[in-house]
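**Student:** I have a structure I would like to understand better, so I am pasting it below and will then ask my questions one at a time.
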Amino acid sequence: MFKKIQKYIFLILCFIVNIISLLKVNPALADINVVTTIRPIHSLVSSIMLGSGMPSLIINNIGNPHSYNLRPSDFKKIKNANLIFWIGKEMEVFLKTPFENLNDKSHIIEFSKIPDLELLKYRKITHYDDDHDDDHDDHDDHDDHDDHDDHDDHDDHDHGHMNIDMHIWLSPINAMMMADVITTSLIKFDSANANIYIKNNQKLQMDLKNLDQEISQRLSSVKDIKYLSFHDGFQYFEHRYGLTNIGSIIDASDNKPSVKKIKKIRDIIAVNNPKCIFTEAQYNAKIINSVISGHSIKIANLDAIGIGQNIGADLYINFMRQNSINIAQCLSAG
């Protein structure tokens, strides 16, 4: 009889536990709409939000942030967003007007305004301006790469200045600072999941630190080998790891060169004999063949926004690692 009563009590308790579990509110489900603009930002935010939710992404294809056109669904995302992460108006030009029309901008996080973030000025039509010194072997701005934390010549950058190269995420050190800002912003708007955000950020910081060391080691033997790029979008990456990019066909703002500039590039090639030229999938690189015609220069791909990776938390680590592999393979090939 007692065993029978025990059985009934056990069944009743199981029923009660099941009811409670159904009614219980899960604190890990973030009750906020988070919007990101480009894949690298989406990846960093996704890493911090693991276990609580997933941010949405505006440019989910090979669209260019400089010339992207917002769709109706994008306007809806922006309208319903509790938190928006972007680089800044000099990068995501398509968001300048929509954001200016918002009365409340407290939920918009602009990474280019992070205090102490490393910011680099646009290079003069990427190394080959008419007033550029013809001695391309002498790269003064690459002399002190061993001390990556000490960039005195960049301390006075105006964060809102149009002369700043906005590809800021291509330095893992900047990405670490961005991750901290993502964490504090998420906690401000969703304090219930603060522990999740803090824990995820701690892991991401370690992953980024390890990535930085891995890339530095991989590229250490090729950093003095000269190369060209189709698009001058990798200045932060090159600056971090001391690489020797001697020129680019189009600048960081996607301004195409004149016939005179193309001739200047060909002169640079003749003098410096670069080993590789790197292009990107989202650009029409037909002009490359005419520029390197007559020279034995290898062509390889780089990826500034993770087009070749699945979107999500792993994208940032994966595409940065793949860029370093592509650079090392091309520059070290016989």
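Labels for the structure tokens follow display order: chains A, B, ..., residues from 1 in each chain, ligands from 1.
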Mind checking which residues fall within 6 Å of region 219-235 of chain A, counting only C-alpha atoms, ignoring those fewer than 4 positions away in the same chain, and posting them as a PyMOL selection string?

**Tutor:** chain A and resi 239+242-252+274-279+328

**Student:** Need to verify the contact set: Ile32 (chain A), 12 Å, only C-alpha atoms, exclusion of same-chain residues closer than 6 positions in sequence. Can you return it as an mmCIF file with all heavy atoms, in the first residue's frame?

**Tutor:**
data_model
loop_
_atom_site.group_PDB
_atom_site.id
_atom_site.type_symbol
_atom_site.label_atom_id
_atom_site.label_comp_id
_atom_site.auth_asym_id
_atom_site.auth_seq_id
_atom_site.Cartn_x
_atom_site.Cartn_y
_atom_site.Cartn_z
ATOM 1 N N MET A 49 26.119 36.941 -28.272
ATOM 2 C CA MET A 49 24.719 36.604 -27.992
ATOM 3 C C MET A 49 24.445 35.097 -27.961
ATOM 4 O O MET A 49 23.301 34.686 -27.737
ATOM 5 C CB MET A 49 23.806 37.259 -29.034
ATOM 6 C CG MET A 49 23.747 38.770 -28.957
ATOM 7 S SD MET A 49 22.497 39.474 -30.086
ATOM 8 C CE MET A 49 20.968 38.906 -29.306
ATOM 9 N N SER A 52 21.463 33.291 -26.161
ATOM 10 C CA SER A 52 20.402 34.236 -25.802
ATOM 11 C C SER A 52 19.559 34.654 -26.999
ATOM 12 O O SER A 52 18.430 35.097 -26.853
ATOM 13 C CB SER A 52 20.993 35.496 -25.159
ATOM 14 O OG SER A 52 21.706 36.261 -26.104
ATOM 15 N N GLY A 53 20.111 34.538 -28.185
ATOM 16 C CA GLY A 53 19.382 34.966 -29.378
ATOM 17 C C GLY A 53 20.314 35.158 -30.543
ATOM 18 O O GLY A 53 21.500 34.820 -30.475
ATOM 19 N N MET A 54 19.801 35.705 -31.621
ATOM 20 C CA MET A 54 20.574 35.916 -32.837
ATOM 21 C C MET A 54 20.267 37.287 -33.426
ATOM 22 O O MET A 54 19.103 37.641 -33.592
ATOM 23 C CB MET A 54 20.242 34.833 -33.873
ATOM 24 C CG MET A 54 20.967 34.989 -35.200
ATOM 25 S SD MET A 54 22.751 34.734 -35.088
ATOM 26 C CE MET A 54 22.779 32.952 -34.842
ATOM 27 N N PRO A 55 21.299 38.072 -33.732
ATOM 28 C CA PRO A 55 21.053 39.375 -34.359
ATOM 29 C C PRO A 55 20.652 39.204 -35.817
ATOM 30 O O PRO A 55 20.923 38.168 -36.437
ATOM 31 C CB PRO A 55 22.413 40.066 -34.249
ATOM 32 C CG PRO A 55 23.400 38.937 -34.283
ATOM 33 C CD PRO A 55 22.738 37.816 -33.540
ATOM 34 N N SER A 56 20.003 40.207 -36.375
ATOM 35 C CA SER A 56 19.680 40.192 -37.798
ATOM 36 C C SER A 56 20.775 40.925 -38.563
ATOM 37 O O SER A 56 21.558 41.684 -37.993
ATOM 38 C CB SER A 56 18.316 40.834 -38.063
ATOM 39 O OG SER A 56 18.323 42.193 -37.671
ATOM 40 N N LYS A 77 13.451 46.365 -40.217
ATOM 41 C CA LYS A 77 14.416 45.939 -39.204
ATOM 42 C C LYS A 77 14.894 47.136 -38.376
ATOM 43 O O LYS A 77 14.973 47.075 -37.146
ATOM 44 C CB LYS A 77 15.617 45.269 -39.874
ATOM 45 C CG LYS A 77 15.358 43.890 -40.436
ATOM 46 C CD LYS A 77 16.614 43.364 -41.123
ATOM 47 C CE LYS A 77 16.368 42.012 -41.766
ATOM 48 N NZ LYS A 77 17.572 41.517 -42.484
ATOM 49 N N ASN A 80 12.148 48.486 -35.991
ATOM 50 C CA ASN A 80 11.829 47.626 -34.854
ATOM 51 C C ASN A 80 13.032 47.306 -33.970
ATOM 52 O O ASN A 80 12.907 46.572 -32.982
ATOM 53 C CB ASN A 80 11.220 46.308 -35.352
ATOM 54 C CG ASN A 80 9.890 46.516 -36.055
ATOM 55 O OD1 ASN A 80 9.155 47.446 -35.740
ATOM 56 N ND2 ASN A 80 9.575 45.646 -37.004
ATOM 57 N N ALA A 81 14.186 47.843 -34.309
ATOM 58 C CA ALA A 81 15.403 47.495 -33.578
ATOM 59 C C ALA A 81 15.464 48.149 -32.200
ATOM 60 O O ALA A 81 15.141 49.325 -32.044
ATOM 61 C CB ALA A 81 16.629 47.892 -34.389
ATOM 62 N N ASN A 82 15.883 47.366 -31.223
ATOM 63 C CA ASN A 82 16.206 47.895 -29.899
ATOM 64 C C ASN A 82 17.665 48.329 -29.821
ATOM 65 O O ASN A 82 18.035 49.175 -29.008
ATOM 66 C CB ASN A 82 15.936 46.844 -28.818
ATOM 67 C CG ASN A 82 14.507 46.371 -28.799
ATOM 68 O OD1 ASN A 82 14.227 45.223 -29.134
ATOM 69 N ND2 ASN A 82 13.584 47.238 -28.408
ATOM 70 N N LEU A 83 18.481 47.719 -30.694
ATOM 71 C CA LEU A 83 19.917 47.971 -30.673
ATOM 72 C C LEU A 83 20.464 47.759 -32.083
ATOM 73 O O LEU A 83 20.169 46.749 -32.729
ATOM 74 C CB LEU A 83 20.591 47.020 -29.678
ATOM 75 C CG LEU A 83 22.015 47.286 -29.214
ATOM 76 C CD1 LEU A 83 22.156 48.680 -28.607
ATOM 77 C CD2 LEU A 83 22.421 46.226 -28.181
ATOM 78 N N ILE A 84 21.245 48.740 -32.557
ATOM 79 C CA ILE A 84 21.814 48.666 -33.906
ATOM 80 C C ILE A 84 23.322 48.878 -33.818
ATOM 81 O O ILE A 84 23.793 49.837 -33.205
ATOM 82 C CB ILE A 84 21.201 49.728 -34.838
ATOM 83 C CG1 ILE A 84 19.682 49.561 -34.932
ATOM 84 C CG2 ILE A 84 21.826 49.644 -36.223
ATOM 85 C CD1 ILE A 84 18.993 50.655 -35.732
ATOM 86 N N HIS A 107 20.206 54.035 -29.113
ATOM 87 C CA HIS A 107 20.346 52.594 -29.326
ATOM 88 C C HIS A 107 21.232 52.270 -30.530
ATOM 89 O O HIS A 107 21.388 51.102 -30.886
ATOM 90 C CB HIS A 107 18.970 51.958 -29.530
ATOM 91 C CG HIS A 107 18.260 52.421 -30.771
ATOM 92 N ND1 HIS A 107 17.925 53.743 -30.985
ATOM 93 C CD2 HIS A 107 17.844 51.741 -31.877
ATOM 94 C CE1 HIS A 107 17.324 53.852 -32.162
ATOM 95 N NE2 HIS A 107 17.261 52.654 -32.720
ATOM 96 N N SER A 185 26.870 47.139 -24.331
ATOM 97 C CA SER A 185 25.632 47.624 -24.941
ATOM 98 C C SER A 185 24.500 46.623 -24.759
ATOM 99 O O SER A 185 23.370 46.995 -24.433
ATOM 100 C CB SER A 185 25.842 47.902 -26.434
ATOM 101 O OG SER A 185 26.854 48.867 -26.640
ATOM 102 N N LEU A 186 24.794 45.357 -24.961
ATOM 103 C CA LEU A 186 23.780 44.320 -24.784
ATOM 104 C C LEU A 186 23.309 44.254 -23.333
ATOM 105 O O LEU A 186 22.112 44.104 -23.060
ATOM 106 C CB LEU A 186 24.328 42.965 -25.228
ATOM 107 C CG LEU A 186 24.451 42.746 -26.739
ATOM 108 C CD1 LEU A 186 25.251 41.484 -27.034
ATOM 109 C CD2 LEU A 186 23.074 42.659 -27.388
ATOM 110 N N ILE A 187 24.238 44.372 -22.415
ATOM 111 C CA ILE A 187 23.877 44.335 -20.984
ATOM 112 C C ILE A 187 22.982 45.513 -20.628
ATOM 113 O O ILE A 187 22.023 45.378 -19.859
ATOM 114 C CB ILE A 187 25.150 44.330 -20.113
ATOM 115 C CG1 ILE A 187 25.896 43.000 -20.273
ATOM 116 C CG2 ILE A 187 24.810 44.568 -18.644
ATOM 117 C CD1 ILE A 187 27.242 42.963 -19.587
ATOM 118 N N LYS A 188 23.263 46.672 -21.218
ATOM 119 C CA LYS A 188 22.460 47.864 -20.950
ATOM 120 C C LYS A 188 21.009 47.662 -21.375
ATOM 121 O O LYS A 188 20.080 48.087 -20.678
ATOM 122 C CB LYS A 188 23.059 49.062 -21.686
ATOM 123 C CG LYS A 188 22.266 50.360 -21.511
ATOM 124 C CD LYS A 188 22.908 51.503 -22.287
ATOM 125 C CE LYS A 188 22.090 52.785 -22.180
ATOM 126 N NZ LYS A 188 22.700 53.907 -22.956
ATOM 127 N N PHE A 189 20.806 46.987 -22.506
ATOM 128 C CA PHE A 189 19.452 46.811 -23.032
ATOM 129 C C PHE A 189 18.830 45.470 -22.651
ATOM 130 O O PHE A 189 17.639 45.261 -22.854
ATOM 131 C CB PHE A 189 19.465 46.944 -24.563
ATOM 132 C CG PHE A 189 19.608 48.349 -25.043
ATOM 133 C CD1 PHE A 189 20.868 48.924 -25.196
ATOM 134 C CD2 PHE A 189 18.490 49.122 -25.332
ATOM 135 C CE1 PHE A 189 21.013 50.229 -25.640
ATOM 136 C CE2 PHE A 189 18.620 50.429 -25.780
ATOM 137 C CZ PHE A 189 19.880 50.987 -25.935
ATOM 138 N N ASP A 190 19.624 44.574 -22.096
ATOM 139 C CA ASP A 190 19.125 43.245 -21.732
ATOM 140 C C ASP A 190 19.913 42.722 -20.537
ATOM 141 O O ASP A 190 20.657 41.746 -20.633
ATOM 142 C CB ASP A 190 19.266 42.299 -22.933
ATOM 143 C CG ASP A 190 18.717 40.910 -22.662
ATOM 144 O OD1 ASP A 190 17.761 40.795 -21.868
ATOM 145 O OD2 ASP A 190 19.249 39.940 -23.233
ATOM 146 N N SER A 191 19.734 43.356 -19.395
ATOM 147 C CA SER A 191 20.501 43.018 -18.190
ATOM 148 C C SER A 191 20.228 41.611 -17.686
ATOM 149 O O SER A 191 21.060 41.033 -16.977
ATOM 150 C CB SER A 191 20.215 44.038 -17.085
ATOM 151 O OG SER A 191 18.830 44.055 -16.776
ATOM 152 N N ALA A 192 19.080 41.037 -18.048
ATOM 153 C CA ALA A 192 18.732 39.692 -17.582
ATOM 154 C C ALA A 192 19.724 38.651 -18.083
ATOM 155 O O ALA A 192 19.908 37.609 -17.442
ATOM 156 C CB ALA A 192 17.320 39.324 -18.040
ATOM 157 N N ASN A 193 20.370 38.937 -19.208
ATOM 158 C CA ASN A 193 21.328 37.992 -19.776
ATOM 159 C C ASN A 193 22.773 38.460 -19.628
ATOM 160 O O ASN A 193 23.648 38.029 -20.387
ATOM 161 C CB ASN A 193 21.003 37.774 -21.257
ATOM 162 C CG ASN A 193 19.773 36.920 -21.453
ATOM 163 O OD1 ASN A 193 19.696 35.810 -20.947
ATOM 164 N ND2 ASN A 193 18.800 37.449 -22.171
#

**Student:** Just how far from CA of Val34 (chain A) is CA of Ile198 (chain A), in Å to one decimal?

**Tutor:**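 Going from CA of Ile198 (chain A) over to CA of Val34 (chain A) covers 17.1 Å.
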
**Student:** Which one is closest to Leu208 (chain A): A:Ala281, A:Ile288, A:Ile173, A:Ala194? Count only C-alpha atoms.

**Tutor:**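 Looking at the shortest contact to Leu208 (chain A), the residue is A:Ile173.
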
**Student:** Just checking: using only C-alpha atoms, which residue out of A:Lys89, A:His42, A:Lys209, A:Arg218 ends up closest to Asp314 (chain A)?

**Tutor:**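 Nearest to Asp314 (chain A): A:His42.
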
**Student:** Using only C-alpha atoms, which of the listed residues (A:Pro98, A:Gly294, A:Gly312, A:Gly51) sits closest to Asp74 (chain A)?

**Tutor:**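 For Asp74 (chain A), the nearest of the candidates is A:Pro98.
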
**Student:** Among region 56-296 of chain A, which residues carry a DSSP assignment of strand (DSSP E), reported as a short mmCIF file (atom, residue, chain, number, x, y, z; two decimals) with N, CA, C and O atoms, in the first residue's frame?

**Tutor:**
data_model
loop_
_atom_site.label_atom_id
_atom_site.label_comp_id
_atom_site.auth_asym_id
_atom_site.auth_seq_id
_atom_site.Cartn_x
_atom_site.Cartn_y
_atom_site.Cartn_z
N SER A 56 20.00 40.21 -36.38
CA SER A 56 19.68 40.19 -37.80
C SER A 56 20.77 40.92 -38.56
O SER A 56 21.56 41.68 -37.99
N LEU A 57 20.82 40.69 -39.87
CA LEU A 57 21.88 41.22 -40.72
C LEU A 57 21.26 41.93 -41.92
O LEU A 57 20.37 41.38 -42.58
N LEU A 83 18.48 47.72 -30.69
CA LEU A 83 19.92 47.97 -30.67
C LEU A 83 20.46 47.76 -32.08
O LEU A 83 20.17 46.75 -32.73
N ILE A 84 21.24 48.74 -32.56
CA ILE A 84 21.81 48.67 -33.91
C ILE A 84 23.32 48.88 -33.82
O ILE A 84 23.79 49.84 -33.20
N PHE A 85 24.07 47.98 -34.45
CA PHE A 85 25.52 48.11 -34.50
C PHE A 85 25.96 48.38 -35.94
O PHE A 85 25.57 47.66 -36.86
N TRP A 86 26.78 49.43 -36.11
CA TRP A 86 27.32 49.74 -37.43
C TRP A 86 28.71 50.34 -37.30
O TRP A 86 29.14 50.68 -36.18
N ILE A 108 21.81 53.30 -31.14
CA ILE A 108 22.67 53.09 -32.30
C ILE A 108 24.14 53.16 -31.86
O ILE A 108 24.59 54.18 -31.36
N ILE A 109 24.85 52.06 -32.04
CA ILE A 109 26.24 51.97 -31.60
C ILE A 109 27.16 52.09 -32.81
O ILE A 109 27.16 51.23 -33.69
N GLU A 110 27.93 53.16 -32.86
CA GLU A 110 28.84 53.44 -33.98
C GLU A 110 30.26 53.08 -33.57
O GLU A 110 30.89 53.77 -32.77
N LEU A 120 43.17 54.58 -38.88
CA LEU A 120 44.21 54.91 -39.86
C LEU A 120 43.63 55.79 -40.96
O LEU A 120 42.50 55.56 -41.40
N LYS A 121 44.40 56.76 -41.39
CA LYS A 121 43.96 57.62 -42.48
C LYS A 121 44.02 56.88 -43.81
O LYS A 121 44.80 55.94 -43.99
N ILE A 164 39.34 59.05 -42.72
CA ILE A 164 39.65 57.83 -41.98
C ILE A 164 39.21 56.60 -42.76
O ILE A 164 38.08 56.52 -43.25
N ASP A 165 40.12 55.65 -42.90
CA ASP A 165 39.80 54.36 -43.49
C ASP A 165 38.91 53.59 -42.51
O ASP A 165 39.30 53.36 -41.36
N LYS A 226 56.95 42.03 -51.36
CA LYS A 226 56.07 43.06 -51.92
C LYS A 226 54.92 42.47 -52.73
O LYS A 226 55.08 41.45 -53.40
N TYR A 227 53.77 43.14 -52.65
CA TYR A 227 52.61 42.72 -53.41
C TYR A 227 51.72 43.92 -53.69
O TYR A 227 51.90 45.01 -53.14
N LEU A 228 50.71 43.72 -54.54
CA LEU A 228 49.70 44.73 -54.86
C LEU A 228 48.33 44.21 -54.43
O LEU A 228 48.14 43.01 -54.22
N SER A 229 47.38 45.12 -54.31
CA SER A 229 46.00 44.71 -54.06
C SER A 229 45.10 45.45 -55.05
O SER A 229 45.42 46.56 -55.48
N PHE A 230 44.01 44.80 -55.42
CA PHE A 230 43.05 45.47 -56.30
C PHE A 230 42.34 46.60 -55.58
O PHE A 230 42.20 47.70 -56.08
N HIS A 231 41.90 46.31 -54.34
CA HIS A 231 41.16 47.27 -53.52
C HIS A 231 41.94 47.53 -52.23
O HIS A 231 42.37 46.59 -51.57
N THR A 244 53.83 44.26 -46.70
CA THR A 244 54.36 45.26 -47.61
C THR A 244 53.52 45.36 -48.88
O THR A 244 53.87 44.83 -49.94
N ASN A 245 52.41 46.05 -48.78
CA ASN A 245 51.57 46.35 -49.93
C ASN A 245 52.09 47.62 -50.58
O ASN A 245 52.06 48.69 -49.97
N ILE A 246 52.54 47.52 -51.83
CA ILE A 246 53.17 48.69 -52.46
C ILE A 246 52.19 49.50 -53.31
O ILE A 246 52.55 50.55 -53.83
N GLY A 247 50.94 49.05 -53.44
CA GLY A 247 49.99 49.84 -54.21
C GLY A 247 48.69 49.10 -54.46
O GLY A 247 48.63 47.87 -54.37
N SER A 248 47.64 49.86 -54.77
CA SER A 248 46.33 49.30 -55.05
C SER A 248 45.73 49.98 -56.27
O SER A 248 46.00 51.15 -56.53
N ILE A 249 44.89 49.23 -56.99
CA ILE A 249 44.28 49.77 -58.20
C ILE A 249 43.17 50.75 -57.87
O ILE A 249 43.05 51.80 -58.48
N ILE A 250 42.31 50.39 -56.91
CA ILE A 250 41.29 51.33 -56.44
C ILE A 250 41.50 51.57 -54.96
O ILE A 250 42.00 50.70 -54.24
N CYS A 276 52.71 39.11 -55.91
CA CYS A 276 51.28 38.78 -56.02
C CYS A 276 50.44 40.04 -56.14
O CYS A 276 50.89 41.14 -55.78
N ILE A 277 49.23 39.86 -56.65
CA ILE A 277 48.21 40.89 -56.55
C ILE A 277 46.95 40.21 -56.01
O ILE A 277 46.56 39.13 -56.45
N PHE A 278 46.34 40.83 -55.01
CA PHE A 278 45.18 40.26 -54.34
C PHE A 278 43.90 40.99 -54.76
O PHE A 278 43.86 42.22 -54.76
N THR A 279 42.88 40.23 -55.11
CA THR A 279 41.60 40.80 -55.49
C THR A 279 40.52 40.31 -54.54
O THR A 279 40.79 39.51 -53.64
N GLU A 280 39.28 40.80 -54.72
CA GLU A 280 38.16 40.41 -53.87
C GLU A 280 36.96 40.07 -54.74
O GLU A 280 36.77 40.66 -55.81
#

**Student:** Tell me which protein, DNA and RNA residues are within 10 Å of Ser171 (chain A), counting only C-alpha atoms, leaving out same-chain ones fewer than 4 positions away, and put them as a ChimeraX atom specification.

**Tutor:** /A:118,167,175-176,208,212,234-241,320

**Student:** How about saving the chosen residues, N, CA and C atoms kept, as a PDB file, in the first residue's frame?

**Tutor:**
ATOM      1  N   GLU A 118      42.088  51.977 -32.768  1.00  0.00           N
ATOM      2  CA  GLU A 118      43.099  52.338 -33.761  1.00  0.00           C
ATOM      3  C   GLU A 118      42.401  52.772 -35.046  1.00  0.00           C
ATOM      4  N   HIS A 167      37.715  50.453 -42.582  1.00  0.00           N
ATOM      5  CA  HIS A 167      37.786  48.992 -42.518  1.00  0.00           C
ATOM      6  C   HIS A 167      38.401  48.555 -41.174  1.00  0.00           C
ATOM      7  N   ALA A 175      38.865  44.483 -33.146  1.00  0.00           N
ATOM      8  CA  ALA A 175      37.724  43.582 -32.942  1.00  0.00           C
ATOM      9  C   ALA A 175      37.529  43.264 -31.454  1.00  0.00           C
ATOM     10  N   MET A 176      38.609  43.166 -30.718  1.00  0.00           N
ATOM     11  CA  MET A 176      38.517  42.915 -29.276  1.00  0.00           C
ATOM     12  C   MET A 176      37.844  44.085 -28.569  1.00  0.00           C
ATOM     13  N   LEU A 208      40.129  35.733 -30.063  1.00  0.00           N
ATOM     14  CA  LEU A 208      40.722  36.780 -30.890  1.00  0.00           C
ATOM     15  C   LEU A 208      42.211  36.951 -30.595  1.00  0.00           C
ATOM     16  N   ASP A 212      45.114  36.392 -33.354  1.00  0.00           N
ATOM     17  CA  ASP A 212      46.131  37.405 -33.612  1.00  0.00           C
ATOM     18  C   ASP A 212      47.528  36.794 -33.579  1.00  0.00           C
ATOM     19  N   PHE A 234      42.643  46.575 -46.952  1.00  0.00           N
ATOM     20  CA  PHE A 234      43.285  45.760 -45.916  1.00  0.00           C
ATOM     21  C   PHE A 234      44.379  46.501 -45.157  1.00  0.00           C
ATOM     22  N   GLN A 235      44.274  47.816 -45.107  1.00  0.00           N
ATOM     23  CA  GLN A 235      45.312  48.596 -44.439  1.00  0.00           C
ATOM     24  C   GLN A 235      45.481  48.187 -42.977  1.00  0.00           C
ATOM     25  N   TYR A 236      44.365  47.959 -42.259  1.00  0.00           N
ATOM     26  CA  TYR A 236      44.454  47.595 -40.844  1.00  0.00           C
ATOM     27  C   TYR A 236      45.117  46.239 -40.657  1.00  0.00           C
ATOM     28  N   PHE A 237      44.796  45.314 -41.529  1.00  0.00           N
ATOM     29  CA  PHE A 237      45.403  43.982 -41.488  1.00  0.00           C
ATOM     30  C   PHE A 237      46.898  44.078 -41.782  1.00  0.00           C
ATOM     31  N   GLU A 238      47.220  44.830 -42.808  1.00  0.00           N
ATOM     32  CA  GLU A 238      48.621  44.992 -43.205  1.00  0.00           C
ATOM     33  C   GLU A 238      49.421  45.725 -42.132  1.00  0.00           C
ATOM     34  N   HIS A 239      48.820  46.725 -41.544  1.00  0.00           N
ATOM     35  CA  HIS A 239      49.503  47.499 -40.512  1.00  0.00           C
ATOM     36  C   HIS A 239      49.754  46.636 -39.271  1.00  0.00           C
ATOM     37  N   ARG A 240      48.798  45.818 -38.939  1.00  0.00           N
ATOM     38  CA  ARG A 240      48.929  44.965 -37.763  1.00  0.00           C
ATOM     39  C   ARG A 240      50.065  43.961 -37.911  1.00  0.00           C
ATOM     40  N   TYR A 241      50.209  43.405 -39.114  1.00  0.00           N
ATOM     41  CA  TYR A 241      51.169  42.318 -39.301  1.00  0.00           C
ATOM     42  C   TYR A 241      52.387  42.703 -40.128  1.00  0.00           C
ATOM     43  N   MET A 320      39.181  35.765 -41.302  1.00  0.00           N
ATOM     44  CA  MET A 320      40.478  36.378 -40.997  1.00  0.00           C
ATOM     45  C   MET A 320      41.599  35.350 -41.117  1.00  0.00           C
TER      46      MET A 320
END

**Student:** My list of candidates is A:Gln217, A:Met91, A:Met206, A:Gln282. Which is closest to Ile168 (chain A) when distances are computed with only C-alpha atoms?

**Tutor:**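 Distance minimum relative to Ile168 (chain A) lands on A:Met91.
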
**Student:** Choose the residue, out of A:Ile58, A:Ala179, A:Leu302, A:Leu50, that has the smallest atom-to-atom separation from Phe75 (chain A); count only C-alpha atoms.

**Tutor:**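 Smallest distance to Phe75 (chain A) is found for A:Ile58.
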
**Student:** Can you measure CA of Asn326 (chain A) to CA of Ile307 (chain A) for me? One decimal in Å is fine.

**Tutor:**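 Result for CA of Asn326 (chain A) versus CA of Ile307 (chain A): 14.7 Å, one decimal.
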